[in-house]
Protein chains: 2
Amino acid sequence: MTVGQAAGILKDMLNQGTDLDRAFHALADPSRRLIVERLARGPASVSELAQPLAMSLSAVMQHLQVLEACSLVASEKAGRVRTCRIEPETLRQVEHWVTRQRTTWERRLDRLGDGMLSEHSD
Amino acid sequence: MTVGQAAGILKDMLNQGTDLDRAFHALADPSRRLIVERLARGPASVSELAQPLAMSLSAVMQHLQVLEACSLVASEKAGRVRTCRIEPETLRQVEHWVTRQRTTWERRLDRLGDGMLSEHSD
(Lines give C-alpha, C1' and ligand atoms only; values in the text may rest on other atoms or scores of the structure.)
Protein backbone atom coordinates (compact mmCIF):
# COMPACT_ATOMS: atom_id res chain seq x y z
CA MET A 1 0.00 0.00 0.00
CA THR A 2 1.36 3.44 -0.91
CA VAL A 3 1.32 6.40 1.48
CA GLY A 4 -1.27 8.01 -0.80
CA GLN A 5 -3.56 4.96 -0.62
CA ALA A 6 -3.21 4.78 3.18
CA ALA A 7 -3.98 8.50 3.45
CA GLY A 8 -7.05 7.97 1.24
CA ILE A 9 -8.34 5.12 3.41
CA LEU A 10 -7.71 7.16 6.57
CA LYS A 11 -9.55 10.14 5.03
CA ASP A 12 -12.54 7.90 4.15
CA MET A 13 -12.60 6.52 7.71
CA LEU A 14 -12.49 10.02 9.20
CA ASN A 15 -15.18 11.26 6.78
CA GLN A 16 -17.39 8.31 7.62
CA GLY A 17 -16.91 9.16 11.30
CA THR A 18 -17.93 12.75 10.62
CA ASP A 19 -20.95 11.59 8.57
CA LEU A 20 -22.10 9.35 11.43
CA ASP A 21 -21.51 12.16 13.98
CA ARG A 22 -23.72 14.49 11.95
CA ALA A 23 -26.38 11.88 11.20
CA PHE A 24 -26.76 10.79 14.85
CA HIS A 25 -26.81 14.46 15.89
CA ALA A 26 -29.51 15.25 13.30
CA LEU A 27 -31.66 12.32 14.48
CA ALA A 28 -31.40 13.35 18.15
CA ASP A 29 -34.10 15.97 17.52
CA PRO A 30 -37.72 14.67 17.66
CA SER A 31 -38.96 17.16 15.00
CA ARG A 32 -36.24 16.04 12.60
CA ARG A 33 -37.15 12.38 13.23
CA LEU A 34 -40.80 13.26 12.41
CA ILE A 35 -39.63 14.82 9.13
CA VAL A 36 -37.62 11.67 8.29
CA GLU A 37 -40.63 9.47 9.21
CA ARG A 38 -42.85 11.52 6.88
CA LEU A 39 -40.32 11.46 4.01
CA ALA A 40 -39.81 7.69 4.39
CA ARG A 41 -43.43 7.41 3.16
CA GLY A 42 -42.64 9.51 0.08
CA PRO A 43 -41.33 12.89 -1.13
CA ALA A 44 -43.05 16.05 0.17
CA SER A 45 -42.89 19.81 -0.31
CA VAL A 46 -41.82 22.03 2.59
CA SER A 47 -45.43 23.10 3.25
CA GLU A 48 -46.63 19.48 3.08
CA LEU A 49 -44.06 18.74 5.80
CA ALA A 50 -44.95 21.77 7.93
CA GLN A 51 -48.75 21.37 8.02
CA PRO A 52 -49.32 17.95 9.69
CA LEU A 53 -46.30 18.46 11.99
CA ALA A 54 -47.69 21.83 13.17
CA MET A 55 -44.34 23.52 12.49
CA SER A 56 -43.70 26.90 10.90
CA LEU A 57 -42.18 26.90 7.42
CA SER A 58 -39.00 28.51 8.80
CA ALA A 59 -38.66 25.82 11.51
CA VAL A 60 -39.02 23.10 8.87
CA MET A 61 -36.45 24.86 6.65
CA GLN A 62 -33.96 24.99 9.54
CA HIS A 63 -34.43 21.28 10.31
CA LEU A 64 -34.11 20.46 6.59
CA GLN A 65 -30.77 22.29 6.47
CA VAL A 66 -29.44 20.01 9.24
CA LEU A 67 -30.86 16.90 7.54
CA GLU A 68 -29.40 17.93 4.17
CA ALA A 69 -25.98 18.74 5.66
CA CYS A 70 -25.58 15.10 6.75
CA SER A 71 -27.18 13.72 3.54
CA LEU A 72 -30.19 12.18 5.28
CA VAL A 73 -32.46 14.27 3.04
CA ALA A 74 -32.09 15.89 -0.39
CA SER A 75 -34.30 18.56 -1.94
CA GLU A 76 -34.91 20.07 -5.36
CA LYS A 77 -36.64 23.29 -6.27
CA ALA A 78 -38.96 23.37 -9.29
CA GLY A 79 -40.52 26.81 -9.77
CA ARG A 80 -41.59 27.94 -6.30
CA VAL A 81 -41.93 24.46 -4.81
CA ARG A 82 -39.05 22.72 -3.01
CA THR A 83 -39.57 18.94 -2.90
CA CYS A 84 -37.73 16.90 -0.26
CA ARG A 85 -36.91 13.21 -0.27
CA ILE A 86 -34.99 10.65 1.78
CA GLU A 87 -31.37 9.94 0.85
CA PRO A 88 -31.21 6.29 1.93
CA GLU A 89 -27.43 5.81 2.02
CA THR A 90 -26.84 7.73 5.29
CA LEU A 91 -29.82 6.01 6.95
CA ARG A 92 -28.24 2.68 5.91
CA GLN A 93 -24.87 3.70 7.41
CA VAL A 94 -26.52 4.57 10.75
CA GLU A 95 -28.49 1.30 10.70
CA HIS A 96 -25.37 -0.66 9.78
CA TRP A 97 -23.36 0.74 12.72
CA VAL A 98 -26.14 0.08 15.27
CA THR A 99 -26.90 -3.41 13.93
CA ARG A 100 -23.18 -4.31 14.04
CA GLN A 101 -22.95 -3.42 17.75
CA ARG A 102 -26.16 -5.28 18.60
CA THR A 103 -25.14 -8.44 16.71
CA THR A 104 -21.57 -8.37 18.14
CA TRP A 105 -23.10 -8.23 21.63
CA GLU A 106 -25.61 -11.03 20.91
CA ARG A 107 -22.99 -13.32 19.32
CA ARG A 108 -20.87 -12.94 22.45
CA LEU A 109 -23.85 -13.98 24.60
CA ASP A 110 -24.43 -16.99 22.30
CA ARG A 111 -20.77 -18.02 22.69
CA LEU A 112 -21.05 -17.67 26.48
CA GLY A 113 -24.20 -19.84 26.37
CA ASP A 114 -22.45 -22.48 24.22
CA GLY A 115 -19.49 -22.46 26.63
CA MET A 116 -21.78 -23.11 29.61
CA LEU A 117 -23.57 -25.92 27.75
CA SER A 118 -20.31 -27.66 26.82
CA GLU A 119 -19.06 -27.33 30.43
CA HIS A 120 -22.23 -29.06 31.61
CA SER A 121 -21.87 -31.84 29.03
CA ASP A 122 -18.19 -32.47 29.95
CA MET B 1 -59.84 3.15 27.16
CA THR B 2 -59.87 5.18 30.39
CA VAL B 3 -58.29 8.64 30.66
CA GLY B 4 -55.68 7.09 32.98
CA GLN B 5 -54.74 4.44 30.37
CA ALA B 6 -54.57 7.06 27.59
CA ALA B 7 -52.36 9.26 29.80
CA GLY B 8 -50.14 6.22 30.50
CA ILE B 9 -49.74 5.43 26.79
CA LEU B 10 -49.00 9.11 26.02
CA LYS B 11 -46.42 9.20 28.83
CA ASP B 12 -44.74 6.05 27.44
CA MET B 13 -44.66 7.60 23.93
CA LEU B 14 -43.15 10.83 25.24
CA ASN B 15 -40.63 8.93 27.36
CA GLN B 16 -39.63 6.80 24.37
CA GLY B 17 -39.15 10.03 22.40
CA THR B 18 -36.90 11.38 25.14
CA ASP B 19 -34.98 8.07 25.32
CA LEU B 20 -34.38 8.16 21.55
CA ASP B 21 -33.36 11.86 21.73
CA ARG B 22 -30.76 11.03 24.38
CA ALA B 23 -29.54 7.85 22.71
CA PHE B 24 -29.03 9.50 19.29
CA HIS B 25 -27.33 12.45 21.02
CA ALA B 26 -25.03 10.08 22.95
CA LEU B 27 -24.07 8.22 19.76
CA ALA B 28 -23.26 11.45 17.87
CA ASP B 29 -19.87 11.53 19.63
CA PRO B 30 -17.13 9.37 18.05
CA SER B 31 -15.46 8.59 21.42
CA ARG B 32 -18.75 7.37 22.85
CA ARG B 33 -19.31 5.19 19.76
CA LEU B 34 -15.82 3.70 20.32
CA ILE B 35 -16.78 2.90 23.94
CA VAL B 36 -20.01 1.21 22.75
CA GLU B 37 -18.04 -0.72 20.07
CA ARG B 38 -15.60 -1.94 22.76
CA LEU B 39 -18.38 -2.91 25.20
CA ALA B 40 -20.31 -4.78 22.46
CA ARG B 41 -17.38 -7.24 22.53
CA GLY B 42 -17.76 -7.70 26.30
CA PRO B 43 -17.75 -5.91 29.69
CA ALA B 44 -14.72 -3.79 30.59
CA SER B 45 -13.43 -1.72 33.50
CA VAL B 46 -13.00 2.05 33.11
CA SER B 47 -9.22 1.68 32.74
CA GLU B 48 -9.63 -1.15 30.20
CA LEU B 49 -11.78 1.29 28.19
CA ALA B 50 -9.39 4.23 28.57
CA GLN B 51 -6.13 2.52 27.58
CA PRO B 52 -6.72 1.33 23.97
CA LEU B 53 -8.83 4.41 23.19
CA ALA B 54 -6.02 6.72 24.39
CA MET B 55 -8.45 8.65 26.59
CA SER B 56 -7.93 9.93 30.12
CA LEU B 57 -9.89 8.17 32.89
CA SER B 58 -11.87 11.36 33.53
CA ALA B 59 -12.80 11.71 29.83
CA VAL B 60 -14.01 8.08 29.81
CA MET B 61 -15.99 8.69 33.02
CA GLN B 62 -17.69 11.72 31.47
CA HIS B 63 -18.64 9.79 28.34
CA LEU B 64 -19.89 6.89 30.49
CA GLN B 65 -22.17 9.29 32.40
CA VAL B 66 -23.83 10.31 29.11
CA LEU B 67 -24.09 6.66 27.97
CA GLU B 68 -25.57 5.59 31.32
CA ALA B 69 -28.06 8.49 31.39
CA CYS B 70 -29.69 7.15 28.21
CA SER B 71 -29.37 3.48 29.30
CA LEU B 72 -26.98 2.49 26.50
CA VAL B 73 -24.47 1.34 29.12
CA ALA B 74 -24.74 0.17 32.74
CA SER B 75 -21.94 -0.14 35.29
CA GLU B 76 -21.34 -1.79 38.65
CA LYS B 77 -18.64 -1.09 41.21
CA ALA B 78 -17.03 -4.02 43.02
CA GLY B 79 -14.32 -2.86 45.41
CA ARG B 80 -12.30 -0.25 43.50
CA VAL B 81 -13.16 -1.52 40.03
CA ARG B 82 -16.15 -0.21 38.05
CA THR B 83 -17.19 -2.68 35.34
CA CYS B 84 -19.24 -1.41 32.38
CA ARG B 85 -21.46 -3.37 30.02
CA ILE B 86 -23.89 -2.77 27.15
CA GLU B 87 -27.58 -2.37 27.97
CA PRO B 88 -29.02 -3.83 24.75
CA GLU B 89 -32.60 -2.54 24.99
CA THR B 90 -31.81 1.10 24.06
CA LEU B 91 -29.55 -0.05 21.20
CA ARG B 92 -32.48 -2.16 19.95
CA GLN B 93 -34.85 0.86 20.15
CA VAL B 94 -32.45 2.98 18.07
CA GLU B 95 -32.00 0.15 15.55
CA HIS B 96 -35.77 -0.42 15.40
CA TRP B 97 -36.49 3.24 14.60
CA VAL B 98 -33.84 3.44 11.85
CA THR B 99 -34.80 0.07 10.32
CA ARG B 100 -38.49 1.09 10.24
CA GLN B 101 -37.70 4.25 8.24
CA ARG B 102 -35.41 2.38 5.83
CA THR B 103 -37.94 -0.44 5.22
CA THR B 104 -40.88 2.03 4.84
CA TRP B 105 -38.85 3.86 2.19
CA GLU B 106 -37.84 0.63 0.37
CA ARG B 107 -41.39 -0.79 0.41
CA ARG B 108 -42.61 2.43 -1.19
CA LEU B 109 -39.99 2.03 -3.96
CA ASP B 110 -41.09 -1.60 -4.44
CA ARG B 111 -44.73 -0.51 -4.81
CA LEU B 112 -43.70 2.16 -7.34
CA GLY B 113 -41.78 -0.52 -9.25
CA ASP B 114 -44.79 -2.89 -9.21
CA GLY B 115 -47.02 -0.04 -10.41
CA MET B 116 -44.72 0.63 -13.38
CA LEU B 117 -44.57 -3.09 -14.26
CA SER B 118 -48.39 -3.45 -14.23
CA GLU B 119 -48.73 -0.30 -16.39
CA HIS B 120 -46.40 -1.88 -18.94
CA SER B 121 -48.32 -5.19 -18.94
CA ASP B 122 -51.71 -3.43 -19.42
# chains A, B, ... in the order shown; residues from 1 in each chain; ligands from 1
$ residues_around --residues "Ser45 of chain A" --least-positions-apart "4" --cutoff "8 Å" --atoms "only C-alpha atoms" --output "VMD selection string"
chain A and resid 49 81 to 84
$ interface_residues --of "chain A" --to "chain B" --cutoff "7 Å" --atoms "only C-alpha atoms" --output "PyMOL selection string"
chain A and resi 17+20-22+24-25+27-30+37+40-41+88+91+95+98-99+101-102+104-105+108
$ write_last_selection --atoms "N, CA, C and O atoms" --output "mmCIF file, in the first residue's frame"
data_model
loop_
_atom_site.group_PDB
_atom_site.id
_atom_site.type_symbol
_atom_site.label_atom_id
_atom_site.label_comp_id
_atom_site.auth_asym_id
_atom_site.auth_seq_id
_atom_site.Cartn_x
_atom_site.Cartn_y
_atom_site.Cartn_z
ATOM 1 N N GLY A 17 -16.684 8.785 9.911
ATOM 2 C CA GLY A 17 -16.913 9.162 11.303
ATOM 3 C C GLY A 17 -17.695 10.458 11.383
ATOM 4 O O GLY A 17 -18.699 10.551 12.080
ATOM 5 N N LEU A 20 -21.317 9.980 10.373
ATOM 6 C CA LEU A 20 -22.102 9.348 11.435
ATOM 7 C C LEU A 20 -22.357 10.338 12.568
ATOM 8 O O LEU A 20 -23.460 10.399 13.100
ATOM 9 N N ASP A 21 -21.329 11.129 12.943
ATOM 10 C CA ASP A 21 -21.512 12.159 13.981
ATOM 11 C C ASP A 21 -22.709 13.036 13.625
ATOM 12 O O ASP A 21 -23.612 13.251 14.420
ATOM 13 N N ARG A 22 -22.681 13.553 12.391
ATOM 14 C CA ARG A 22 -23.716 14.491 11.948
ATOM 15 C C ARG A 22 -25.082 13.816 11.864
ATOM 16 O O ARG A 22 -26.093 14.414 12.220
ATOM 17 N N PHE A 24 -26.213 11.067 13.508
ATOM 18 C CA PHE A 24 -26.757 10.792 14.853
ATOM 19 C C PHE A 24 -27.214 12.107 15.505
ATOM 20 O O PHE A 24 -28.262 12.150 16.140
ATOM 21 N N HIS A 25 -26.414 13.172 15.327
ATOM 22 C CA HIS A 25 -26.808 14.464 15.893
ATOM 23 C C HIS A 25 -28.144 14.927 15.295
ATOM 24 O O HIS A 25 -29.049 15.367 16.013
ATOM 25 N N LEU A 27 -30.535 13.171 14.073
ATOM 26 C CA LEU A 27 -31.658 12.317 14.483
ATOM 27 C C LEU A 27 -31.966 12.423 15.977
ATOM 28 O O LEU A 27 -32.937 11.838 16.455
ATOM 29 N N ALA A 28 -31.145 13.168 16.712
ATOM 30 C CA ALA A 28 -31.398 13.347 18.152
ATOM 31 C C ALA A 28 -32.553 14.317 18.403
ATOM 32 O O ALA A 28 -33.028 14.435 19.526
ATOM 33 N N ASP A 29 -33.006 15.006 17.356
ATOM 34 C CA ASP A 29 -34.105 15.965 17.523
ATOM 35 C C ASP A 29 -35.435 15.324 17.092
ATOM 36 O O ASP A 29 -35.545 14.820 15.966
ATOM 37 N N PRO A 30 -36.457 15.354 17.975
ATOM 38 C CA PRO A 30 -37.720 14.669 17.660
ATOM 39 C C PRO A 30 -38.428 15.245 16.429
ATOM 40 O O PRO A 30 -39.052 14.488 15.670
ATOM 41 N N GLU A 37 -39.524 10.442 9.252
ATOM 42 C CA GLU A 37 -40.630 9.469 9.213
ATOM 43 C C GLU A 37 -41.612 9.805 8.089
ATOM 44 O O GLU A 37 -42.073 8.923 7.367
ATOM 45 N N ALA A 40 -39.976 9.126 4.668
ATOM 46 C CA ALA A 40 -39.815 7.691 4.386
ATOM 47 C C ALA A 40 -41.044 7.169 3.640
ATOM 48 O O ALA A 40 -40.960 6.208 2.875
ATOM 49 N N ARG A 41 -42.207 7.835 3.838
ATOM 50 C CA ARG A 41 -43.434 7.414 3.160
ATOM 51 C C ARG A 41 -43.551 8.018 1.758
ATOM 52 O O ARG A 41 -44.461 7.674 1.009
ATOM 53 N N PRO A 88 -31.271 7.497 1.083
ATOM 54 C CA PRO A 88 -31.213 6.286 1.927
ATOM 55 C C PRO A 88 -29.819 5.891 2.404
ATOM 56 O O PRO A 88 -29.694 5.207 3.410
ATOM 57 N N LEU A 91 -28.960 6.792 6.049
ATOM 58 C CA LEU A 91 -29.819 6.015 6.946
ATOM 59 C C LEU A 91 -29.272 4.589 7.062
ATOM 60 O O LEU A 91 -29.223 4.008 8.143
ATOM 61 N N GLU A 95 -27.933 2.623 10.381
ATOM 62 C CA GLU A 95 -28.495 1.301 10.700
ATOM 63 C C GLU A 95 -27.374 0.258 10.801
ATOM 64 O O GLU A 95 -27.343 -0.547 11.719
ATOM 65 N N VAL A 98 -25.382 0.534 14.092
ATOM 66 C CA VAL A 98 -26.141 0.085 15.273
ATOM 67 C C VAL A 98 -26.331 -1.436 15.229
ATOM 68 O O VAL A 98 -26.122 -2.118 16.240
ATOM 69 N N THR A 99 -26.680 -1.963 14.053
ATOM 70 C CA THR A 99 -26.897 -3.409 13.926
ATOM 71 C C THR A 99 -25.608 -4.176 14.241
ATOM 72 O O THR A 99 -25.640 -5.222 14.885
ATOM 73 N N GLN A 101 -23.204 -3.357 16.292
ATOM 74 C CA GLN A 101 -22.952 -3.418 17.746
ATOM 75 C C GLN A 101 -23.894 -4.434 18.401
ATOM 76 O O GLN A 101 -23.488 -5.230 19.235
ATOM 77 N N ARG A 102 -25.164 -4.385 18.000
ATOM 78 C CA ARG A 102 -26.164 -5.275 18.601
ATOM 79 C C ARG A 102 -25.822 -6.745 18.297
ATOM 80 O O ARG A 102 -25.874 -7.605 19.175
ATOM 81 N N THR A 104 -22.836 -8.011 17.454
ATOM 82 C CA THR A 104 -21.574 -8.367 18.135
ATOM 83 C C THR A 104 -21.880 -8.770 19.577
ATOM 84 O O THR A 104 -21.387 -9.794 20.076
ATOM 85 N N TRP A 105 -22.722 -7.983 20.238
ATOM 86 C CA TRP A 105 -23.095 -8.229 21.626
ATOM 87 C C TRP A 105 -23.856 -9.558 21.752
ATOM 88 O O TRP A 105 -23.602 -10.344 22.655
ATOM 89 N N ARG A 108 -21.670 -12.688 21.248
ATOM 90 C CA ARG A 108 -20.869 -12.938 22.448
ATOM 91 C C ARG A 108 -21.698 -13.704 23.483
ATOM 92 O O ARG A 108 -21.241 -14.668 24.087
#
$ select_by_dssp --residues "chain A" --states "strand (DSSP E or B)" --output "list of chain:residue names"
A:Ala44, A:Ser45, A:Val73, A:Ala74, A:Ser75, A:Glu76, A:Lys77, A:Ala78, A:Val81, A:Arg82, A:Thr83, A:Cys84, A:Arg85, A:Ile86
$ closest_residue --among "B:Ala44, B:Thr90, B:His63, B:Pro52" --to "Lys77 of chain B" --atoms "only C-alpha atoms"
B:Ala44
$ closest_residue --among "A:Ile35, A:Asp114, A:Val60, A:Ala50" --to "Val73 of chain A" --atoms "only C-alpha atoms"
A:Ile35
